[in-house]
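Trainee: Following this message is one structure expressed as structure tokens.
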Amino acid sequence: MVDVSRRTLLKLAASVPPAIAVPAILPSRAIAAAKGKTITAVMHSDLRIIDPGFTTAYITRDHGYMVYDTLLGIDASFKVRPQMAEWTISDDKLTYTFTLRDGLKWHDGAPVTAEDCIASLKRWATNDGTGQKLMDFTAALEAAGPGTIVLKLKEPYGLVLESIAKPSSYVAFMMPKRLAETQPGKQIAEQIGSGPFKFLTAEFQPGVKAVYERNADYVPRKEKPEWTSGGKVAKVDRVEWLTMPDAQTAINALQSGDIDFLEQPSIDMVPVLETNPDLTVAVLNKFGFQIEGRMNFLHPPFDNPKIRRAAFLAMNQKDVLDATVGNSKYYEICGAFFACDTPLASDAGAETLIKGNGMAEAKKALAASGYDGTPVVIMIPGDVQTLKGPPTVAAQLLRAAGFNVDAQVTDWQTVVSRRASQKPPKEGGWNMFFTFTGATETMNPIVNNQIAANGKRAWFGWPENAKIEQMRDAFARATAPEAQKQLAVDIQTEAYEQVIYIPLGQFRMPSAWRKSLSGVLDGPAPPVFWNVDKTE
């Protein structure tokens, strides 16, 4: 373990400059009043990619929840609920029939049809690991009328509803067929959904702001809103996301009332915000996030499992968590691929990550691996506080182990775009990047998108491991908790041995908002802006 003090880690993270420093545009109160009731928010990242089927980036997912709706939702008990559709299941568990509720319309006024939703499900399942596994078990997906979707299985599969109701990236958002049939690898040309808000393309300024207005034609469900289920009632006229890369500027704007909502204030400043009587500070995602290091399996040096293993041994969770969060109140060290404190949690294979005692072994492993000094291109997003700490620390740890590291500082949206490239690093590709995933998205081997090891169909990094895929199939068929638990341990053991990715601990992030806002909802994919009202 490299001896890195908390002060040093913070200096390292702080020394990474934001690649883009565009001043945010703050509307005057008079202008905001003229436009109706408006919520101004600073999200965790700038929004640039606006196709939620193109990237798993959370800012794009959050945008998706504003504009699009889903067939199914999920409540706080993890129970699947109807959203756009009700469903029935045949006695033999092989046929699921979904019936769209009346009155659903796209933002351009056209009615939502079963054909639209089928095309949307197929597009979602192309990239999402959960969707891919569902389609592996699917015999047919077809329309039985304008508002009826029929999904027929090859054999019973117990995760059909849970897959379609999956609350986070990738989300099975519904869109018109003409958009859902966009060629794979291309982004959709329009932002036409059926959700509670409309995206104002004319006011979109990447790097500055994104604007949404209430969809007056949206008919919400009658049930109370809970997580991604229930009535999505838009109670304000507009929501504006403003870009403020500087953490202190955003905190000052919140305290002065220039903005209403700050998704991820700097943890160091949370105690100050908690003393402000005009603010509410709370953790909206109680399950938190798992930090992950992802390697590119397609190109040297990490196409070599021995070199991946050496890099893994150099990592330790505490250094990364200290640089990312700092306050141990908000983080947890654990080696579980499938989320800490869950039925499938295990520390199998994670000793060096947890104890931070693998550096000597890492140096020996690297020396024996045949590593020839090929640069390791690590992408560091300098504009997102919670995302620049892990790669900054990892670069230092890898150098200490003997790697030649090329740390390239960009902004997060550049990382999001570039990580989809399969080109060699010398041609604009990459070797390693870091991200974090909601813990509810890692809780089993099917929903955990990063554990899939099906080559070019897998998530960015594209690992290929037939043993893991066979065990994932077995998990999908298993019904006994004991069998599922053993398979999860076996998958985790193999994933650590082959370094499918590196779990670097879990953390929770508080959000802060002015008390003029009411109805802010918690859940596994916050923040959402339906049900939120504002008093002047």
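Ordering of the structure tokens sets the chain letters (A, B, ...), residue numbers begin anew at 1 in every chain, and ligands are numbered from 1 in the order given.
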Skipping near chain neighbours, those fewer than 5 positions away, what residues fall within 12 Å of Phe173 (chain A) using only C-alpha atoms, listed as number ranges by chain?

Mentor: A: 51-54, 60-73, 83-84, 116-125, 128, 164-168, 179-180, 191-195, 228

Trainee: Mind running region 362-474 of chain A against region 207-223 of chain A at 12 Å and telling me each contacting residue's nearest atom pair with the distance in Å (one decimal), counting only C-alpha atoms, chain and number ascending, as CSV?

Mentor:
```
residue,atom,partner,partner_atom,distance
A:Asp383,CA,A:Gly207,CA,10.9
A:Asp411,CA,A:Gly207,CA,10.4
A:Trp412,CA,A:Gly207,CA,11.3
A:Gln413,CA,A:Gly207,CA,9.7
A:Thr414,CA,A:Gly207,CA,11.7
```

Trainee: Per DSSP on the backbone, what are the strand (DSSP E or B) residues of region 368-493 of chain A, as a ChimeraX atom specification?

Mentor: /A:376-381,405-410,432-438,454,464

Trainee: Hey, what's within 12 Å of region 356-373 of chain A if we count only C-alpha atoms and toss same-chain stuff fewer than 2 positions away? As a count of residues only, please?

Mentor: 48
